[in-house]
file structure38.txt (compact mmCIF, C-alpha atoms)
# COMPACT_ATOMS: atom_id res chain seq x y z
CA MET A 19 0.00 0.00 0.00
CA LEU A 20 1.34 3.39 -0.95
CA ALA A 21 1.65 6.00 1.77
CA ALA A 22 -0.53 9.08 1.18
CA SER A 23 2.48 11.21 0.31
CA ASP A 24 3.39 8.74 -2.45
CA TYR A 25 0.13 9.55 -4.26
CA SER A 26 1.33 13.12 -4.91
CA GLU A 27 0.91 14.13 -8.58
CA LEU A 28 0.26 10.50 -9.49
CA TRP A 29 -2.41 9.74 -12.06
CA MET A 30 -4.00 6.31 -11.88
CA SER A 31 -6.62 4.65 -14.04
CA PRO A 32 -10.08 4.07 -12.54
CA TYR A 33 -9.53 0.33 -12.54
CA ILE A 34 -6.35 0.67 -10.52
CA ALA A 35 -8.21 2.75 -7.93
CA ILE A 36 -10.96 0.11 -7.74
CA ARG A 37 -8.47 -2.75 -7.52
CA ARG A 38 -6.49 -1.05 -4.77
CA MET A 39 -9.60 -0.79 -2.60
CA ALA A 40 -10.40 -4.43 -3.30
CA THR A 41 -6.88 -5.34 -2.17
CA VAL A 42 -7.37 -3.37 1.05
CA SER A 43 -10.63 -5.24 1.73
CA GLU A 44 -9.06 -8.62 1.05
CA THR A 45 -6.00 -7.86 3.19
CA PHE A 46 -7.53 -6.09 6.19
CA GLY A 47 -11.19 -7.11 6.01
CA ILE A 48 -14.24 -5.26 4.73
CA GLU A 49 -15.05 -3.50 8.01
CA ARG A 50 -11.59 -1.97 8.40
CA ALA A 51 -11.55 -1.04 4.72
CA ARG A 52 -14.87 0.79 5.20
CA THR A 53 -14.05 2.61 8.44
CA ASP A 54 -10.31 2.82 9.15
CA GLY A 55 -8.99 6.35 8.66
CA ARG A 56 -5.77 4.86 7.32
CA PHE A 57 -7.61 3.93 4.12
CA LYS A 58 -9.56 7.16 3.62
CA LYS A 59 -7.57 8.07 0.51
CA GLU A 60 -8.19 4.65 -1.02
CA ARG A 61 -11.94 4.90 -0.32
CA GLU A 62 -12.12 8.33 -1.93
CA ALA A 63 -10.12 7.08 -4.93
CA TRP A 64 -12.47 4.08 -5.27
CA THR A 65 -15.56 6.31 -5.32
CA THR A 66 -13.91 8.65 -7.82
CA GLY A 67 -12.86 5.66 -9.93
CA VAL A 68 -16.44 4.43 -10.28
CA PHE A 69 -17.50 7.97 -11.16
CA ALA A 70 -14.74 8.21 -13.76
CA LEU A 71 -15.93 5.01 -15.43
CA ALA A 72 -19.45 6.42 -15.65
CA LEU A 73 -18.21 9.66 -17.22
CA SER A 74 -16.05 7.75 -19.68
CA LYS A 75 -19.02 5.68 -20.76
CA LEU A 76 -21.11 8.79 -21.26
CA ASN A 77 -18.61 10.80 -23.31
CA GLY A 78 -16.24 8.11 -24.60
CA GLU A 79 -13.18 9.80 -23.08
CA PRO A 80 -10.91 8.31 -20.42
CA TRP A 81 -10.32 10.09 -17.13
CA TRP A 82 -7.46 9.60 -14.67
CA ILE A 83 -7.61 9.95 -10.89
CA GLU A 84 -5.28 12.05 -8.78
CA ILE A 85 -5.51 11.89 -4.99
CA GLU A 86 -4.98 15.20 -3.22
CA THR A 87 -2.20 14.86 -0.63
CA LYS A 88 -1.33 18.45 0.31
CA ASP A 89 -4.51 20.53 0.59
CA ASN A 90 -7.64 19.76 2.61
CA THR A 91 -9.79 20.12 -0.49
CA PRO A 92 -10.57 18.83 -3.05
CA ASP A 93 -10.34 15.18 -2.01
CA THR A 94 -9.55 13.96 -5.51
CA LYS A 95 -9.15 15.28 -9.02
CA LEU A 96 -10.12 13.85 -12.36
CA ARG A 97 -7.54 14.52 -15.03
CA GLN A 98 -7.74 14.27 -18.79
CA LEU A 99 -5.18 15.03 -21.46
CA ASP A 100 -6.98 16.95 -24.21
CA GLN A 101 -5.11 16.98 -27.53
CA SER A 102 -8.00 18.22 -29.68
CA SER A 103 -6.33 21.61 -30.21
CA GLY A 104 -3.06 20.05 -31.31
CA ASN A 105 -1.52 20.79 -27.93
CA ASN A 106 -1.50 18.86 -24.67
CA VAL A 107 -4.07 20.56 -22.45
CA ILE A 108 -4.85 19.09 -19.03
CA GLN A 109 -8.55 19.16 -18.17
CA THR A 110 -9.33 18.94 -14.46
CA ARG A 111 -12.44 18.21 -12.42
CA ASN A 112 -12.14 18.88 -8.68
CA ILE A 113 -14.05 16.37 -6.58
CA GLU A 114 -15.28 16.56 -3.00
CA VAL A 115 -16.17 13.08 -1.73
CA VAL A 116 -18.53 12.35 1.16
CA ASP A 117 -20.01 9.11 2.51
CA TRP A 118 -23.65 8.49 3.38
CA GLU A 119 -23.20 6.09 6.28
CA GLU A 120 -25.42 3.91 8.45
CA ASN A 121 -25.79 6.43 11.27
CA VAL A 122 -27.60 8.93 9.02
CA ASP A 123 -31.11 8.04 7.82
CA ASP A 124 -31.54 10.60 5.06
CA ILE A 125 -28.97 11.14 2.30
CA MET A 126 -30.17 14.74 1.97
CA GLU A 127 -28.87 15.44 5.47
CA VAL A 128 -25.38 14.58 4.21
CA ILE A 129 -25.75 16.62 1.03
CA ARG A 130 -27.19 19.69 2.75
CA LYS A 131 -24.41 19.68 5.32
CA LYS A 132 -21.82 19.81 2.54
CA CYS A 133 -23.80 22.46 0.66
CA LYS A 134 -23.69 24.78 3.68
CA ARG A 135 -19.92 25.03 3.39
CA ALA A 136 -18.14 27.42 1.05
CA TYR A 137 -16.75 25.51 -1.92
CA PRO A 138 -15.61 26.92 -5.28
CA ASP A 139 -18.42 26.82 -7.82
CA HIS A 140 -16.45 24.55 -10.16
CA TYR A 141 -16.26 21.71 -7.62
CA LEU A 142 -18.30 18.51 -7.98
CA LEU A 143 -19.81 16.75 -4.98
CA LEU A 144 -19.66 12.96 -5.10
CA VAL A 145 -21.71 11.03 -2.51
CA ASN A 146 -20.83 7.41 -1.82
CA ALA A 147 -24.10 5.78 -0.68
CA ARG A 148 -22.72 3.28 1.83
CA ASN A 149 -25.89 3.21 3.93
CA SER A 150 -26.61 -0.49 3.56
CA GLY A 151 -30.24 -1.52 3.48
CA LYS A 152 -31.69 1.99 3.28
CA VAL A 153 -34.09 2.90 0.49
CA LEU A 154 -32.69 5.55 -1.80
CA ASP A 155 -35.36 7.35 -3.82
CA PHE A 156 -33.49 9.20 -6.54
CA ASP A 157 -36.55 11.06 -7.78
CA GLN A 158 -37.09 12.47 -4.31
CA VAL A 159 -33.44 13.50 -3.99
CA ILE A 160 -33.56 15.16 -7.41
CA GLN A 161 -36.67 17.12 -6.42
CA GLU A 162 -35.20 18.20 -3.10
CA MET A 163 -32.00 19.34 -4.79
CA LYS A 164 -34.04 21.80 -6.86
CA THR A 165 -34.74 23.78 -3.70
CA THR A 166 -31.33 23.29 -2.11
CA ASP A 167 -28.82 26.11 -2.32
CA SER A 168 -25.74 24.29 -3.56
CA PRO A 169 -22.28 25.74 -4.21
CA PHE A 170 -21.37 22.76 -6.40
CA LEU A 171 -21.31 22.67 -10.18
CA GLU A 172 -22.82 19.18 -10.05
CA VAL A 173 -23.88 16.69 -7.38
CA TRP A 174 -23.59 12.94 -8.05
CA VAL A 175 -24.46 9.81 -6.05
CA VAL A 176 -22.65 6.47 -6.36
CA ALA A 177 -24.67 3.50 -5.07
CA PHE A 178 -23.69 -0.16 -4.81
CA VAL A 179 -27.00 -1.90 -5.51
CA GLY A 180 -25.84 -5.49 -5.93
CA PRO A 181 -22.79 -7.77 -5.92
CA ASP A 182 -21.80 -6.50 -9.36
CA ASP A 183 -24.13 -3.55 -9.93
CA MET A 184 -23.38 0.12 -9.46
CA LYS A 185 -25.63 3.06 -10.12
CA VAL A 186 -24.14 6.51 -10.70
CA VAL A 187 -26.70 9.32 -10.70
CA ARG A 188 -26.42 13.05 -11.19
CA VAL A 189 -29.02 14.58 -8.89
CA ALA A 190 -28.18 18.22 -9.66
CA PRO A 191 -28.45 20.27 -11.74
CA ARG A 192 -30.24 17.80 -14.10
CA ALA A 193 -30.94 14.12 -13.61
CA LEU A 194 -28.69 11.64 -15.36
CA PHE A 195 -28.56 7.87 -14.67
CA VAL A 196 -25.73 5.47 -15.47
CA ASP A 197 -25.85 1.74 -14.64
CA LEU A 198 -22.52 -0.09 -14.37
CA LYS A 199 -21.52 -3.74 -14.13
CA ILE A 200 -17.97 -3.64 -12.86
CA ARG A 201 -16.93 -7.27 -12.51
CA ALA A 202 -18.00 -8.38 -15.97
CA GLU A 203 -16.27 -5.49 -17.70
CA ARG A 204 -13.15 -5.85 -15.58
CA GLU A 205 -12.91 -9.50 -16.59
CA GLY A 206 -13.48 -8.51 -20.22
CA GLU A 207 -10.72 -5.94 -19.99
CA GLU A 208 -8.24 -8.42 -18.57
CA ALA A 209 -9.15 -11.03 -21.18
CA ASP A 210 -8.24 -8.67 -24.01
CA PRO A 211 -4.48 -9.18 -24.62
CA ILE A 212 -4.05 -5.85 -26.45
CA HIS A 213 -5.88 -3.99 -23.73
CA LYS A 214 -3.94 -5.82 -21.03
CA ALA A 215 -0.61 -5.06 -22.69
CA ARG A 216 -1.41 -1.35 -22.72
CA HIS A 217 -2.49 -1.34 -19.10
CA SER A 218 0.10 -0.73 -16.40
CA ARG A 219 -0.14 0.23 -12.76
CA TYR A 220 0.39 3.94 -13.28
CA GLY A 221 1.01 6.57 -15.91
CA HIS A 222 -0.30 4.88 -19.05
CA ARG A 223 -3.62 5.37 -20.71
CA THR A 224 -5.93 2.38 -20.78
CA THR A 225 -8.02 1.88 -23.88
CA GLY A 226 -11.05 -0.08 -24.88
CA PRO A 227 -14.46 -0.64 -23.26
CA TRP A 228 -14.45 -0.23 -19.49
CA ILE A 229 -17.94 -0.71 -18.26
CA GLY A 230 -21.42 -1.77 -19.35
CA LEU A 231 -24.17 0.82 -19.69
CA PHE A 232 -27.65 -0.65 -19.49
CA ALA A 233 -31.07 0.64 -20.30
CA ASN A 234 -32.62 -0.21 -16.94
CA SER A 235 -32.38 2.81 -14.61
CA GLN A 236 -34.23 2.20 -11.35
CA ARG A 237 -35.08 5.42 -9.59
CA ARG A 238 -35.88 3.89 -6.21
CA LEU A 239 -33.75 1.13 -4.78
CA SER A 240 -32.29 -0.45 -1.67
CA VAL A 241 -28.63 0.35 -1.21
CA GLY A 242 -26.40 -2.71 -0.93
CA GLN A 243 -22.98 -3.06 0.58
call {"tool": "encode", "arguments": {"input": "structure38.txt", "output": "C-alpha cells"}}
result
Amino acid sequence: MLAASDYSELWMSPYIAIRRMATVSETFGIERARTDGRFKKEREAWTTGVFALALSKLNGEPWWIEIETKDNTPDTKLRQLDQSSGNNVIQTRNIEVVDWEENVDDIMEVIRKKCKRAYPDHYLLLVNARNSGKVLDFDQVIQEMKTTDSPFLEVWVVAFVGPDDMKVVRVAPRALFVDLKIRAEREGEEADPIHKARHSRYGHRTTGPWIGLFANSQRRLSVGQ
C-alpha cells in the first residue's frame, strides 16, 4: 500500500483505484476497509474511480484519478489530457467526496451539510451511498436538490445496488442515470491481450471498453454493501 504522500501528482486509471480498494478489503477485512482512517484516501479514490468510469461511458473519453495529498480540499481530481487543439491541455475536475453512512437516515442530510460550506463553484460533490439496506429514492433526492442552495457545479451519487451492480446518478443540476456492471467489464478488460498489454499500474492510458451501460435505470432502490 502506498503511503498518502506517495500519491502526490500521481495519475492512476479508474480500474487501478478500484483494484487497490479491493486489495485493502481482502487484506484487512471489509469493516476496516470501510471505516479505518488509514484507508480514507483509497476509499475516496475508489468512489472517484467508479464515477470516472461512468463519465467515460457517457462521453467516450478516459479520465485519470489524482488523490490530493497536500490541501484539505478537493479530495480527488479527475484529469484528462486533451489533444483536440493540437496541444497537450490538461482538463481537471475537482471532486469533493462524502459518505452516506449507516448512522444517518436521510442522504439529503449529508448533502445539505456539505452544501452549507463554502466551496468553489467549479467543484463537484460525489456522494458514496454506503448506507446499507436503506431505500434511496433518486426522484425524491432530485426534487429536493431543486430547492437546495448548492455551491457545487454538479452533485452525483454512487450507489452499490448489488454484488456487481453500481448506479451513478447526477441529482443536480439535471438528472442523469448510469448503470454499471464492474466485474464483468473488468474481466473482459483483462481477457483482451491488447488492452492488457497497454495497461500498467500507473502513468499509461488504458483503452477499450471499461464498463457496461444498461437501459434499466431504477429510480428507487435499496442500497447494498
call {"tool": "atom_distance", "arguments": {"input": "structure38.txt", "atom1": "CA of Val68 (chain A)", "atom2": "CA of Val189 (chain A)"}}
result
16.2 Å
call {"tool": "closest_residue", "arguments": {"input": "structure38.txt", "among": "A:Glu119, A:Glu27, A:Asp157, A:Glu44", "to": "Ile85 (chain A)", "atoms": "only C-alpha atoms"}}
result
A:Glu27
call {"tool": "closest_residue", "arguments": {"input": "structure38.txt", "among": "A:Leu144, A:Ala193, A:Cys133, A:Val179", "to": "Lys95 (chain A)", "atoms": "all atoms listed in the file"}}
result
A:Leu144
call {"tool": "closest_residue", "arguments": {"input": "structure38.txt", "among": "A:Phe195, A:Phe69, A:Phe156, A:Trp82", "to": "Leu143 (chain A)", "atoms": "only C-alpha atoms"}}
result
A:Phe69
call {"tool": "closest_residue", "arguments": {"input": "structure38.txt", "among": "A:Lys59, A:Ile113, A:Val196, A:Arg201", "to": "Asp182 (chain A)", "atoms": "all atoms listed in the file"}}
result
A:Arg201
call {"tool": "closest_residue", "arguments": {"input": "structure38.txt", "among": "A:Thr110, A:Arg135, A:Gly67, A:Glu79", "to": "Met184 (chain A)", "atoms": "all atoms listed in the file"}}
result
A:Gly67
call {"tool": "closest_residue", "arguments": {"input": "structure38.txt", "among": "A:Lys131, A:Arg111, A:Lys88, A:Arg50", "to": "Thr66 (chain A)", "atoms": "all atoms listed in the file"}}
result
A:Arg111
call {"tool": "atom_distance", "arguments": {"input": "structure38.txt", "atom1": "CA of Thr87 (chain A)", "atom2": "CA of Thr41 (chain A)"}}
result
20.8 Å
call {"tool": "residues_around", "arguments": {"input": "structure38.txt", "residues": "Arg37 (chain A)", "least_positions_apart": "4", "cutoff": "10 Å", "atoms": "all atoms listed in the file", "output": "ChimeraX atom specification"}}
result
/A:32-33,41-43,60,64,67,204
call {"tool": "write_last_selection", "arguments": {"input": "structure38.txt", "atoms": "C-alpha atoms", "output": "PDB file, in the frame of the given file"}}
result
ATOM      1  CA  PRO A  32     -10.080   4.070 -12.540  1.00  0.00           C
ATOM      2  CA  TYR A  33      -9.530   0.330 -12.540  1.00  0.00           C
ATOM      3  CA  THR A  41      -6.880  -5.340  -2.170  1.00  0.00           C
ATOM      4  CA  VAL A  42      -7.370  -3.370   1.050  1.00  0.00           C
ATOM      5  CA  SER A  43     -10.630  -5.240   1.730  1.00  0.00           C
ATOM      6  CA  GLU A  60      -8.190   4.650  -1.020  1.00  0.00           C
ATOM      7  CA  TRP A  64     -12.470   4.080  -5.270  1.00  0.00           C
ATOM      8  CA  GLY A  67     -12.860   5.660  -9.930  1.00  0.00           C
ATOM      9  CA  ARG A 204     -13.150  -5.850 -15.580  1.00  0.00           C
TER      10      ARG A 204
END
